[in-house]
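Here is protein_12.txt, consisting of compact mmCIF, C-alpha atoms:
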# COMPACT_ATOMS: atom_id res chain seq x y z
CA ALA A 1122 -16.93 -5.02 -17.88
CA GLY A 1123 -13.72 -4.55 -15.89
CA GLU A 1124 -15.40 -5.79 -12.75
CA ASP A 1125 -16.71 -8.83 -14.65
CA THR A 1126 -13.24 -9.69 -15.89
CA GLU A 1127 -11.84 -9.27 -12.38
CA LYS A 1128 -14.56 -11.58 -11.04
CA ARG A 1129 -13.80 -14.15 -13.72
CA GLU A 1130 -10.06 -14.00 -12.96
CA LEU A 1131 -10.87 -14.48 -9.28
CA LEU A 1132 -13.07 -17.47 -10.11
CA HIS A 1133 -10.19 -19.05 -12.04
CA THR A 1134 -7.87 -18.57 -9.08
CA VAL A 1135 -10.43 -20.03 -6.69
CA ASP A 1136 -11.01 -22.88 -9.13
CA GLY A 1137 -7.32 -23.76 -9.33
CA ASN A 1138 -6.46 -23.51 -5.65
CA GLY A 1139 -9.92 -24.55 -4.49
CA SER A 1140 -9.86 -27.83 -6.37
CA VAL A 1141 -6.68 -28.89 -4.54
CA THR A 1142 -8.13 -27.93 -1.14
CA ALA A 1143 -11.47 -29.59 -1.92
CA MET A 1144 -9.78 -32.75 -3.19
CA THR A 1145 -7.81 -32.94 0.06
CA VAL A 1146 -10.82 -32.33 2.32
CA PHE A 1147 -13.11 -34.74 0.46
CA PHE A 1148 -10.46 -37.27 -0.59
CA PRO A 1149 -12.09 -40.21 1.30
CA LEU A 1150 -15.20 -39.75 -0.88
CA ASP A 1151 -13.02 -40.10 -3.96
CA THR A 1152 -11.49 -43.26 -2.48
CA ALA A 1153 -14.96 -44.76 -1.91
CA ARG A 1154 -16.03 -43.89 -5.47
CA LEU A 1155 -12.93 -45.46 -7.04
CA ARG A 1156 -13.21 -48.68 -5.01
CA LEU A 1157 -16.85 -49.11 -6.00
CA GLN A 1158 -16.09 -48.44 -9.67
CA VAL A 1159 -13.11 -50.75 -9.98
CA ASP A 1160 -13.93 -53.59 -7.61
CA GLU A 1161 -17.09 -55.02 -9.09
CA LYS A 1162 -17.53 -57.63 -6.37
CA ARG A 1163 -17.71 -54.96 -3.67
CA LYS A 1164 -21.31 -54.51 -2.57
CA SER A 1165 -22.78 -51.13 -3.34
CA LYS A 1166 -23.46 -49.84 0.16
CA THR A 1167 -23.82 -46.27 1.31
CA THR A 1168 -20.64 -44.20 1.11
CA HIS A 1169 -19.99 -44.02 4.86
CA MET A 1170 -20.43 -47.81 5.14
CA VAL A 1171 -17.85 -48.37 2.39
CA LEU A 1172 -15.43 -45.99 4.11
CA LEU A 1173 -15.93 -47.68 7.49
CA GLU A 1174 -15.22 -51.06 5.87
CA ILE A 1175 -12.01 -49.72 4.27
CA ILE A 1176 -10.85 -48.26 7.62
CA LYS A 1177 -11.66 -51.50 9.47
CA GLU A 1178 -9.80 -53.70 6.96
CA GLU A 1179 -6.89 -51.46 5.98
CA GLY A 1180 -6.35 -48.95 8.78
CA ILE A 1181 -7.41 -45.41 9.62
CA LEU A 1182 -5.25 -43.75 6.93
CA ALA A 1183 -6.44 -46.00 4.09
CA PRO A 1184 -9.04 -43.51 2.76
CA TYR A 1185 -6.14 -41.06 2.19
CA ARG A 1186 -3.92 -43.57 0.39
CA GLY A 1187 -2.46 -42.09 -2.80
CA TRP A 1188 -3.17 -38.50 -1.77
CA PHE A 1189 0.20 -37.10 -2.87
CA PRO A 1190 0.18 -38.56 -6.44
CA VAL A 1191 -3.41 -37.39 -6.93
CA ILE A 1192 -2.68 -33.85 -5.71
CA SER A 1193 0.48 -33.69 -7.89
CA SER A 1194 -1.56 -34.74 -10.93
CA LEU A 1195 -4.28 -32.25 -10.08
CA CYS A 1196 -1.79 -29.37 -9.86
CA CYS A 1197 -0.21 -30.37 -13.20
CA SER A 1198 -3.66 -30.74 -14.76
CA ASN A 1199 -4.80 -27.34 -13.51
CA PHE A 1200 -1.61 -25.73 -14.77
CA VAL A 1201 -1.85 -27.33 -18.24
CA TYR A 1202 -5.56 -26.50 -18.52
CA PHE A 1203 -5.38 -22.86 -17.42
CA TYR A 1204 -2.15 -22.17 -19.31
CA THR A 1205 -3.60 -23.60 -22.55
CA PHE A 1206 -6.95 -21.89 -21.94
CA ASN A 1207 -5.43 -18.45 -21.36
CA SER A 1208 -2.88 -18.74 -24.20
CA LEU A 1209 -5.52 -19.80 -26.74
CA LYS A 1210 -7.92 -17.14 -25.51
CA ALA A 1211 -5.26 -14.42 -25.80
CA VAL A 1212 -4.53 -15.46 -29.40
CA TRP A 1213 -8.16 -15.80 -30.46
CA VAL A 1214 -9.85 -12.92 -28.63
CA LYS A 1215 -7.02 -10.37 -29.05
CA GLY A 1216 -8.33 -7.76 -26.63
CA GLN A 1217 -11.97 -7.93 -27.74
CA ARG A 1218 -14.69 -9.07 -25.36
CA SER A 1219 -14.85 -12.82 -25.19
CA THR A 1220 -18.18 -14.53 -25.74
CA THR A 1221 -19.47 -17.55 -23.85
CA GLY A 1222 -19.36 -19.58 -27.08
CA LYS A 1223 -15.67 -18.76 -27.56
CA ASP A 1224 -14.96 -19.60 -23.93
CA LEU A 1225 -16.62 -23.00 -24.35
CA VAL A 1226 -14.64 -23.81 -27.51
CA VAL A 1227 -11.35 -22.70 -25.93
CA GLY A 1228 -12.25 -24.68 -22.80
CA PHE A 1229 -12.93 -27.75 -24.92
CA VAL A 1230 -9.56 -27.51 -26.74
CA ALA A 1231 -7.74 -26.88 -23.45
CA GLY A 1232 -9.51 -29.96 -22.05
CA VAL A 1233 -8.34 -32.14 -24.94
CA VAL A 1234 -4.72 -30.90 -24.61
CA ASN A 1235 -4.93 -31.54 -20.87
CA VAL A 1236 -6.15 -35.14 -21.37
CA LEU A 1237 -3.44 -35.95 -23.92
CA LEU A 1238 -0.65 -34.53 -21.75
CA THR A 1239 -1.71 -35.61 -18.26
CA THR A 1240 -3.38 -39.03 -18.74
CA PRO A 1241 -0.12 -40.87 -17.81
CA LEU A 1242 -0.16 -39.08 -14.43
CA TRP A 1243 -3.77 -40.13 -13.81
CA VAL A 1244 -3.04 -43.73 -14.80
CA VAL A 1245 -0.19 -43.83 -12.28
CA ASN A 1246 -2.09 -42.14 -9.46
CA THR A 1247 -5.16 -44.38 -9.97
CA ARG A 1248 -2.92 -47.42 -9.48
CA LEU A 1249 -1.04 -45.97 -6.52
CA LYS A 1250 -4.35 -45.07 -4.91
CA LEU A 1251 -5.57 -48.65 -5.22
CA GLN A 1252 -2.28 -50.30 -4.27
CA GLY A 1253 -2.62 -52.43 -1.17
CA ALA A 1254 -6.41 -52.32 -1.27
CA LYS A 1255 -8.24 -55.45 -0.16
CA PHE A 1256 -10.27 -56.24 -3.25
CA ARG A 1257 -13.30 -58.51 -3.28
CA ASN A 1258 -12.62 -59.35 -6.91
CA GLU A 1259 -10.02 -62.16 -7.29
CA ASP A 1260 -9.39 -61.25 -10.95
CA ILE A 1261 -7.44 -58.15 -9.98
CA VAL A 1262 -3.65 -58.39 -10.27
CA PRO A 1263 -2.03 -56.45 -7.36
CA THR A 1264 0.73 -53.88 -7.98
CA ASN A 1265 3.86 -53.14 -5.97
CA TYR A 1266 5.13 -49.73 -7.02
CA LYS A 1267 7.55 -47.92 -4.71
CA GLY A 1268 6.36 -44.49 -5.81
CA ILE A 1269 5.45 -42.32 -8.79
CA ILE A 1270 8.71 -42.79 -10.76
CA ASP A 1271 8.83 -46.54 -10.09
CA ALA A 1272 5.21 -46.86 -11.24
CA PHE A 1273 6.08 -45.19 -14.55
CA HIS A 1274 9.10 -47.44 -14.93
CA GLN A 1275 7.19 -50.68 -14.20
CA ILE A 1276 4.22 -49.81 -16.43
CA ILE A 1277 6.48 -49.02 -19.40
CA ARG A 1278 8.58 -52.14 -18.75
CA ASP A 1279 5.70 -54.60 -18.28
CA GLU A 1280 2.85 -53.19 -20.36
CA GLY A 1281 4.50 -50.92 -22.92
CA ILE A 1282 4.42 -47.12 -23.14
CA SER A 1283 0.90 -47.06 -24.62
CA ALA A 1284 -0.48 -48.38 -21.29
CA LEU A 1285 0.25 -44.93 -19.81
CA TRP A 1286 -2.53 -43.59 -22.04
CA ASN A 1287 -5.10 -46.19 -20.90
CA GLY A 1288 -8.55 -44.66 -20.73
CA THR A 1289 -7.72 -41.75 -23.04
CA PHE A 1290 -10.84 -42.23 -25.15
CA PRO A 1291 -13.39 -41.98 -22.31
CA SER A 1292 -11.38 -39.05 -20.92
CA LEU A 1293 -11.74 -37.24 -24.25
CA LEU A 1294 -15.49 -37.87 -24.21
CA LEU A 1295 -15.61 -36.47 -20.67
CA VAL A 1296 -14.23 -33.16 -21.96
CA PHE A 1297 -17.87 -32.51 -22.98
CA ASN A 1298 -18.83 -32.50 -19.30
CA PRO A 1299 -18.43 -28.71 -18.76
CA ALA A 1300 -20.47 -28.01 -21.93
CA ILE A 1301 -23.32 -30.24 -20.66
CA GLN A 1302 -23.09 -28.54 -17.27
CA PHE A 1303 -23.16 -25.09 -18.88
CA MET A 1304 -26.21 -25.98 -20.99
CA PHE A 1305 -28.20 -27.00 -17.89
CA TYR A 1306 -26.87 -24.00 -15.96
CA GLU A 1307 -28.08 -21.55 -18.62
CA GLY A 1308 -31.47 -23.32 -18.87
CA LEU A 1309 -32.02 -23.22 -15.10
CA LYS A 1310 -30.87 -19.60 -14.98
CA ARG A 1311 -33.39 -18.60 -17.67
CA GLN A 1312 -36.20 -20.34 -15.76
CA LEU A 1313 -35.28 -18.56 -12.55
CA LEU A 1314 -34.94 -15.14 -14.21
CA LYS A 1315 -38.55 -15.43 -15.38
CA LYS A 1316 -39.55 -15.36 -11.72
CA ARG A 1317 -37.17 -12.68 -10.39
CA MET A 1318 -35.23 -9.69 -11.66
CA LYS A 1319 -31.76 -10.53 -10.42
CA LEU A 1320 -30.05 -13.66 -9.12
CA SER A 1321 -28.31 -13.63 -5.76
CA SER A 1322 -24.95 -15.37 -5.45
CA LEU A 1323 -26.71 -18.14 -3.49
CA ASP A 1324 -29.08 -18.68 -6.47
CA VAL A 1325 -26.09 -18.90 -8.78
CA PHE A 1326 -24.41 -21.41 -6.46
CA ILE A 1327 -27.52 -23.62 -6.25
CA ILE A 1328 -28.07 -23.57 -10.03
CA GLY A 1329 -24.37 -24.32 -10.53
CA ALA A 1330 -24.42 -27.24 -8.09
CA VAL A 1331 -27.59 -28.71 -9.67
CA ALA A 1332 -26.17 -28.34 -13.22
CA LYS A 1333 -22.92 -29.99 -12.13
CA ALA A 1334 -24.80 -32.85 -10.45
CA ILE A 1335 -26.85 -33.47 -13.63
CA ALA A 1336 -23.75 -33.42 -15.86
CA THR A 1337 -21.93 -35.76 -13.45
CA THR A 1338 -24.83 -38.22 -13.40
CA LEU A 1339 -25.16 -38.25 -17.20
CA THR A 1340 -21.45 -38.87 -17.79
CA TYR A 1341 -20.84 -41.17 -14.80
CA PRO A 1342 -20.82 -44.49 -16.76
CA MET A 1343 -17.97 -43.03 -18.84
CA GLN A 1344 -16.10 -42.14 -15.64
CA THR A 1345 -16.49 -45.74 -14.47
CA VAL A 1346 -15.01 -47.04 -17.74
CA GLN A 1347 -12.20 -44.47 -17.46
CA SER A 1348 -11.30 -45.70 -13.95
CA ILE A 1349 -11.35 -49.38 -14.98
CA LEU A 1350 -9.13 -48.73 -18.01
CA ARG A 1351 -6.68 -46.54 -16.07
CA PHE A 1352 -6.38 -49.18 -13.39
CA GLY A 1353 -5.94 -51.80 -16.11
CA ARG A 1354 -5.31 -54.66 -13.65
CA HIS A 1355 -8.35 -56.74 -14.55
CA ARG A 1356 -7.71 -59.91 -16.48
CA LEU A 1357 -10.23 -58.92 -19.12
CA ASN A 1358 -10.39 -58.85 -22.90
CA PRO A 1359 -6.57 -59.10 -22.98
CA GLU A 1360 -6.06 -58.94 -26.76
CA ASN A 1361 -7.54 -55.46 -27.01
CA ARG A 1362 -7.16 -53.86 -23.63
CA THR A 1363 -4.72 -51.02 -23.81
CA LEU A 1364 -6.02 -48.06 -25.72
CA GLY A 1365 -9.60 -47.93 -24.55
CA SER A 1366 -10.97 -47.85 -28.06
CA LEU A 1367 -14.67 -47.38 -28.65
CA ARG A 1368 -15.06 -51.14 -28.99
CA ASN A 1369 -13.45 -51.62 -25.61
CA ILE A 1370 -15.67 -49.03 -23.95
CA LEU A 1371 -18.80 -50.65 -25.35
CA TYR A 1372 -17.50 -54.05 -24.24
CA LEU A 1373 -16.95 -52.80 -20.67
CA LEU A 1374 -20.34 -51.08 -20.51
CA HIS A 1375 -22.02 -54.20 -21.87
CA GLN A 1376 -20.22 -56.42 -19.30
CA ARG A 1377 -21.31 -54.19 -16.44
CA VAL A 1378 -24.95 -54.06 -17.54
CA ARG A 1379 -25.04 -57.81 -18.17
CA ARG A 1380 -23.72 -58.62 -14.70
CA PHE A 1381 -25.25 -55.92 -12.54
CA GLY A 1382 -28.03 -54.32 -14.59
CA ILE A 1383 -28.14 -50.65 -15.53
CA LEU A 1384 -27.40 -49.63 -11.92
CA GLY A 1385 -24.02 -51.37 -12.22
CA LEU A 1386 -22.91 -48.39 -14.31
CA TYR A 1387 -23.69 -46.08 -11.41
CA LYS A 1388 -21.81 -47.79 -8.58
CA GLY A 1389 -20.08 -45.10 -6.51
CA LEU A 1390 -22.25 -42.30 -7.91
CA GLU A 1391 -23.45 -41.34 -4.42
CA ALA A 1392 -19.86 -40.69 -3.28
CA LYS A 1393 -19.13 -38.77 -6.49
CA LEU A 1394 -22.22 -36.55 -6.16
CA LEU A 1395 -21.46 -35.88 -2.49
CA GLN A 1396 -17.93 -34.89 -3.46
CA THR A 1397 -19.19 -32.73 -6.35
CA VAL A 1398 -21.80 -30.83 -4.32
CA LEU A 1399 -19.59 -30.37 -1.24
CA THR A 1400 -16.73 -29.17 -3.45
CA ALA A 1401 -19.08 -26.67 -5.11
CA ALA A 1402 -20.21 -25.48 -1.66
CA LEU A 1403 -16.62 -25.07 -0.46
CA MET A 1404 -15.66 -23.18 -3.64
CA PHE A 1405 -18.71 -20.96 -3.21
CA LEU A 1406 -17.81 -20.05 0.38
CA VAL A 1407 -14.19 -19.32 -0.56
CA TYR A 1408 -15.29 -17.31 -3.60
CA GLU A 1409 -17.79 -15.26 -1.56
CA LYS A 1410 -15.20 -14.45 1.11
CA LEU A 1411 -12.54 -13.60 -1.47
CA THR A 1412 -14.94 -11.48 -3.54
CA ALA A 1413 -15.96 -9.53 -0.46
CA ALA A 1414 -12.31 -9.00 0.55
CA THR A 1415 -11.09 -8.19 -2.98
CA PHE A 1416 -13.83 -5.72 -3.75
CA THR A 1417 -13.41 -4.06 -0.35
CA VAL A 1418 -9.72 -3.57 -1.17
CA MET A 1419 -10.55 -2.38 -4.70
CA GLY A 1420 -13.17 -0.03 -3.26
CA LEU A 1421 -10.56 1.41 -0.91
CA LYS A 1422 -8.09 1.79 -3.80
CA ARG A 1423 -10.72 3.58 -5.87
CA ALA A 1424 -11.61 5.82 -2.95
CA HIS A 1425 -7.93 6.76 -2.60
CA THR A 1426 -7.40 7.43 -6.29
CA HIS A 1427 -10.45 9.69 -6.67

Represent the supplied structure as structure tokens.
Amino acid sequence: AGEDTEKRELLHTVDGNGSVTAMTVFFPLDTARLRLQVDEKRKSKTTHMVLLEIIKEEGILAPYRGWFPVISSLCCSNFVYFYTFNSLKAVWVKGQRSTTGKDLVVGFVAGVVNVLLTTPLWVVNTRLKLQGAKFRNEDIVPTNYKGIIDAFHQIIRDEGISALWNGTFPSLLLVFNPAIQFMFYEGLKRQLLKKRMKLSSLDVFIIGAVAKAIATTLTYPMQTVQSILRFGRHRLNPENRTLGSLRNILYLLHQRVRRFGILGLYKGLEAKLLQTVLTAALMFLVYEKLTAATFTVMGLKRAHTH
């Protein structure tokens, strides 16, 4: 049990630090996804074509535009999530063994707290990331923020403080994403265990990546709506735009389907899935190396103490 806990702690560490590294390495993929989601007039080409277009029109560094605000938000998000998760778990579990069910519930609550506290950061970084982009869609109102603080100031001044929580509702729905992923993960694991006695770490990685890809695909339309609402620069449905209520989400989904068919909801999915699977692969490699190193060290410690 001790070794399991140590492994889980290690996974959390890898998760926190790994997500920042992975976001940096695969940031251009995130840029391509966001452009395709927000700019509806942009043709849905393959990811590398979209990136080449962006570089040609806006310069070599354009795919990394908005990197600092995104990484800052990611660090804050990770901190809020893990702090809330561990605090709640400590209170609820009180030294007993935690169950997967409890972990999922605690994860869900931590996710909700995270959304409510960090949405303003994501609204700001979405806009900074898209600032200066050459949009195909003429309905988009350009921004001119000087930086993170100025963006906050201008949004509150021009759109009211509630605009900082644009897209909160789809974000709350997306908190279910890990639960969906876990459900598929457990199902796939059961199927595989029928065929073999024990799973290798590569098996676990593949099942994990597949489960994550399925969960991402199922919830992707919600992620598209979340991006559009966070960006909030479309001249659309002005009387009821800010809070991203259910009515608004349905309106946006309906608009997309009406104009572009069902596939319109999945623009940018290729970039997102590439990012998801490559991130999982990177995390896996880091985790494997760290596990090997950590357990070698622990083995040495144990050898010395006995």

Can you pull out the residues contacting Tyr1204 of chain A? Cut-off 10 Å, using only C-alpha atoms, and skip same-chain residues under 6 positions away; I want them as a PyMOL selection string. chain A and resi 1198+1210+1231+1235

Selection export as a tab-separated table (two decimals), in the frame of the given file, atoms kept: C-alpha atoms:
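This went into again_4.tsv:
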chain	number	residue	atom	x	y	z
A	1198	SER	CA	-3.66	-30.74	-14.76
A	1210	LYS	CA	-7.92	-17.14	-25.51
A	1231	ALA	CA	-7.74	-26.88	-23.45
A	1235	ASN	CA	-4.93	-31.54	-20.87

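Closest approach to Leu1403 of chain A among A:Phe1326, A:Trp1243, A:Tyr1387, A:Phe1203: A:Phe1326, based on all atoms listed in the file.
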
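For the set A:Phe1229, A:Tyr1202, A:Phe1416, A:Phe1256, the residue with the smallest atom-to-atom gap to Leu1157 of chain A is A:Phe1256, counting all atoms listed in the file.
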
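Checking A:Gly1389, A:Trp1213, A:Gly1228, A:Gln1275 one by one against Thr1167 of chain A, counting all atoms listed in the file, you find the shortest gap at A:Gly1389.
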
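Only residues having an atom at most 8 Å from (-20.6, -47.2, -9.2) are included; using all atoms listed in the file, these are Arg1154, Leu1157, Gln1158, Ser1165, Thr1345, Leu1384, Gly1385, Leu1386, Tyr1387, Lys1388, Gly1389 and Leu1390 of chain A.
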
Which residue, A:Val1346, A:Lys1166, A:Lys1316, A:Met1404, has the smallest gap to Leu1371 of chain A when you use all atoms listed in the file? A:Val1346

Show me the residues around (-18.7, -48.7, -27.6) - criterion: an atom at most 12 Å away, all atoms listed in the file counted - as a PyMOL selection string. chain A and resi 1290-1291+1294+1342-1343+1346+1365-1376

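You can rank A:Thr1247, A:Thr1205, A:Thr1415, A:Thr1338 by their closest distance to Leu1295 of chain A using only C-alpha atoms, and at the top of that list sits A:Thr1338.
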
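Between atom CA of Ile1335 of chain A and atom CA of Ser1193 of chain A the interatomic distance comes to 27.9 Å.
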
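Taking atom CA of Lys1333 of chain A and atom CA of Arg1377 of chain A as endpoints, the distance between them is 24.6 Å.
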